[in-house]
Amino acid sequence: MMRAVASFSMRAADLRMMSEARLAVEVVGLTKRYPAARGSWDRLRRLLLSEAPRGEREFVALDSVSLAVPRGTALGVIGPNGAGKSTLLKILAGIVQPTAGEVRVAGTVASIIELGTGFHPEFTGRENVFMNAALMGFPPGHAQTMYDEIAAFCELGRYMDMPVKTYSSGMFVRLAFALAISARPDILLVDEALAVGDAVFAHRCLGRISEMREAGVTIVFVSHDTNMVAQVCDRAVLLDRGRIVAEGPPRDVVHDYLLRVAERLTTTGQPTGRLPARFHEIGAVETGGETQERRFGSFEARITDISIGDTPPGQIPRLPPGQTTAFRMTVRFDAPVQAPVFGVMIRNRAGLEVFGTNTHLRKTPTEPAAPGDLAEVTFEMPVHLTGGTYTASFAVHTADGHYFDYRTDARIFEVADTPEAGGIANLPVTVTIRRRANTASGPDDMTETLYADAPASLCMDSTAEPFLAGEWYASELEAGRTYRWAGQHAQAFLRRPSGRACLAIELRSTHPRVDAEHQTVMIRINGVAVGTACLRDHEWHRLELAVPAGDGPVVQVTLDTSPAWVPSEYAPESTDTRVLGVMVRRIELLAR
Amino acid sequence: MTVRHIPIEREIAANRRLLLSFVARELRARYAGSAMGIFWAVIHPLIILMLYIAVFSTLTRGATVSIGGHAANYAVFLCPALLAWNWMNESLLGACQSITGNASLIRRVAFPVGILPAASLVAGLLPFLVAMVLFLIFAAIVGAFHPVSLVLLPPLVLLQVALMTGPAYLLASLNVAVRDTAQILMAGLQVLFWSSPIVYEQKTLEAALPWTRWWFDLNPVAHLMTAYRDVIVAHRLPSAGRLLYLLIIALILHDAGRRIFQHARRRFADDV
């Protein structure tokens, strides 16, 4: 991670130009060549001579790459291994120096590169955070703030004080990501890192990346995960052998990438038998909807007809959620195919793969096809999706990845609104709520943790506040002694003294007509009724009750009062609508 | 694209906190966990010292060595040079591996690599100072201490820093290109140790082998060690010629080291 000052000689004029153009990153004709000969002697010659030794063979990692990333947008970089993705990111981060070309980076940069950022393996997590804060030029005071934030986000606990060489790759990424976001960079560079984190953390990171993007941070995101690129990025570029071969909306670029992968599978050593390896691509076939079909394959077998449900061609199917619907394709074979595989894929509007399956995965037997054969394949499935627009893709291919015909986003369909559910999948849900008898006696573990520091005696002033639950009102003063109004159901938590104990409680009726309507207070300890007080006057009473034996350190005292009353119901001029039980001055557990 | 690196001095000044954390780290790695901590910096030379005393006093039959007419026992004679040598030895070895040893950082972060060889020099300086202070106390006890040493020692230490800076940056760069550099350096330092007047007196060897004189005249380590003995054992200012020679050598090495390092650093991330 760095501030983009150390190794780029950026003139003020460049900066001004870029801010006018509102570009965060601009790369022009970027080339990086690594010498192919990597012996000691060659490296020594290169060290001492300015020029590269003549006739030296070179490996071209990046070849005249140009791109521009407007401020506040997210660019996805996809491509096969060795395409130059990581080299590009390292050059943007200022780690690697380009051989030729210009790089302009406007703003502070934070990067997560190669499983984590600049961590010293011998330093602890904490030391690495402070080291990186110093690297980024933050003063020590700010580093402490950053550290607290990082520790809270990555949840590594005591591992923060252990050398990072003891971390798993997942922990590495947690720390690296937390560090990168706490730096509040203008530009965030992320390289494959999220692939190794656990799913929950990856989800949290994606959420944070989206937040950062909304806050105007520019993101360059390198990934193999085409789904993630489609989800996170505004635009994408496809790198192959050091060149940008496609650029545009993520869905199109992802499609291009998949096409190349399919082509390479067919042309490189995969057992494809006598099938010809010539590929065709048909782009942007209008299908009437807002989506555009992309189609590729060798076309010895062709998907000639597609339908969803009973909707006539040319109309967009509108499906009620959960309706069982037939996704049907007709395939025409122009060559003999031993074991064709038929597949379907549903994507949402953002291009995220929602559901896909094929006959090979489902082990559905398919018959060998001869030239001239027609096959009608129907996938019948309930559309358990939330409301929105989806696309269906259809494919016919072989089990080892030779594509005869792959029709991406061939049909668009809509699912009617589902106000009862959010997300993408609309799983069939049955909700049941039923009342259960509470057979457990006493506070559970969580209660004991929450009230671990409860005192044995509660005087109803503000110090009692943390140990009261249920309905209580603010403390008041009467003749120099504090008391509170309890509501109808009130609880207090106290520490159990060692040995046998008794509960002492001082209370008084509040009811204006207590002489006619006696107030009774049912007192329970850890859910077990230990006594009932029947109040007939407005005097203070002190009750002492035996506490049943128990072993938990925390005792729950429950007061249930009936009848409770509301002042405004008894005095027409009163606006007090509190439900009042009894007045309580003190609750304590005494050792006996 | 033109890549102009900022001068190493400015890089160090801008990242001084980072440099200190690397120094602290290196010292902790070296001494943390051991029961006696930084005192190993003293115990280690002490053991070597006793070994040399055992060997050399047997050879010389317990005779004292005379430096500039000032008689001192062998411990007082040997210690200043041995401590200075240990510092040079450890710092140069550390600096040599300072870039390659932090590969994981350099590959992933735009790291101010210029601070790394400097951190090795500073990490060696601290144990040297501790040992030197303890030695001066010892010298005071045996009656071989003079306050003038305290005045003359700091400039001499600075001179040694200046002498080591160039080689430190040069070796750090070379070791990225040729990993054998560290091994060659270790062998070279052994040769330099025995061909410099550290455990023996220059006069003694010159008397036995007159042709060694030209080597001692050229060898900056010989001049440096003699200068330490002048200051600490003989309590006098080293000769102006000696100091001037050391200063010129330091400037030449410094310039060479800096040029090579600044040229080589653009490839560090590619090659480590």
# chains A, B, ... in the order shown; residues from 1 in each chain; ligands from 1
call {"tool": "interface_residues", "arguments": {"of": "chain A", "to": "chain B", "cutoff": "6 Å", "atoms": "only C-alpha atoms", "output": "list in words"}}
result
Met1, Met2, Ser40, Arg43, Leu44, Leu47, Gly94, Ile95, Val96, Ala100, Gly101, Glu102, Ile113, Thr117, Gly118 and Phe119 of chain A
call {"tool": "residues_around", "arguments": {"residues": "A:Lys165", "least_positions_apart": "3", "cutoff": "12 Å", "atoms": "only C-alpha atoms", "output": "ChimeraX atom specification"}}
result
/A:116,119-125,128,159-162,168-169,171-172 /B:104
call {"tool": "residues_around", "arguments": {"residues": "A:Asn426", "least_positions_apart": "4", "cutoff": "9 Å", "atoms": "only C-alpha atoms", "output": "list in words"}}
result
Pro321, Gly322, Val383, His384, Leu385, Thr386, Gly387, Thr418, Ala421 and Gly422 of chain A
call {"tool": "residues_around", "arguments": {"residues": "stretch 247-260 of chain A", "least_positions_apart": "3", "cutoff": "9 Å", "atoms": "only C-alpha atoms", "output": "list in words"}}
result
Leu75, Gly76, Ile78, Gly79, Pro80, Thr226, Asn227, Val229, Ala230, Gln231, Cys233, Asp234, Arg235, Ala236, Val237, Leu238, Ile244, Glu263, Arg264, Leu265, Glu281, Arg294, Phe296, Gly297, Ala350, Gly351 and Thr408 of chain A
call {"tool": "residues_around", "arguments": {"residues": "B:Phe135", "least_positions_apart": "3", "cutoff": "10 Å", "atoms": "only C-alpha atoms", "output": "PDB file with C-alpha atoms, in the first residue's frame"}}
result
ATOM      1  CA  VAL B  42      28.820  -8.153  25.254  1.00  0.00           C
ATOM      2  CA  LEU B  46      33.901 -11.389  25.729  1.00  0.00           C
ATOM      3  CA  ALA B  75      42.381  -7.042  26.552  1.00  0.00           C
ATOM      4  CA  VAL B  76      42.514  -3.286  26.345  1.00  0.00           C
ATOM      5  CA  CYS B  79      38.667  -4.862  22.627  1.00  0.00           C
ATOM      6  CA  PRO B  80      38.075  -1.586  20.753  1.00  0.00           C
ATOM      7  CA  LEU B  83      33.977  -4.464  18.910  1.00  0.00           C
ATOM      8  CA  LEU B 129      27.561   1.181  21.767  1.00  0.00           C
ATOM      9  CA  VAL B 130      26.418  -0.924  24.723  1.00  0.00           C
ATOM     10  CA  ALA B 131      29.516  -3.091  24.529  1.00  0.00           C
ATOM     11  CA  MET B 132      31.735  -0.034  24.075  1.00  0.00           C
ATOM     12  CA  PHE B 138      36.331  -1.921  32.366  1.00  0.00           C
ATOM     13  CA  ALA B 139      39.165   0.227  31.042  1.00  0.00           C
ATOM     14  CA  ALA B 140      38.544   2.742  33.829  1.00  0.00           C
ATOM     15  CA  ILE B 141      38.744  -0.047  36.413  1.00  0.00           C
ATOM     16  CA  PHE B 145      40.777   5.126  30.598  1.00  0.00           C
TER      17      PHE B 145
END
call {"tool": "select_by_dssp", "arguments": {"residues": "stretch 504-570 of chain A", "states": "strand (DSSP E or B)", "output": "PyMOL selection string"}}
result
chain A and resi 504-509+519-525+528-535+540-546+554-562+565
call {"tool": "residues_around", "arguments": {"residues": "B:Tyr169", "least_positions_apart": "2", "cutoff": "12 Å", "atoms": "only C-alpha atoms", "output": "ChimeraX atom specification"}}
result
/B:8,91-99,113-121,162-167,171-176,253-265
call {"tool": "residues_around", "arguments": {"residues": "A:Arg592", "least_positions_apart": "2", "cutoff": "8 Å", "atoms": "only C-alpha atoms", "output": "PyMOL selection string"}}
result
chain A and resi 499-502+590
call {"tool": "closest_residue", "arguments": {"among": "A:Thr73, A:Thr430, A:Thr330, A:Ser393", "to": "A:Ile209", "atoms": "only C-alpha atoms"}}
result
A:Thr73
call {"tool": "select_by_dssp", "arguments": {"residues": "stretch 367-566 of chain A", "states": "helix (DSSP H, G or I)", "output": "count of residues only"}}
result
12
call {"tool": "closest_residue", "arguments": {"among": "B:Leu78, B:Val231, B:Val122, B:Leu244", "to": "B:Leu27", "atoms": "only C-alpha atoms"}}
result
B:Val122
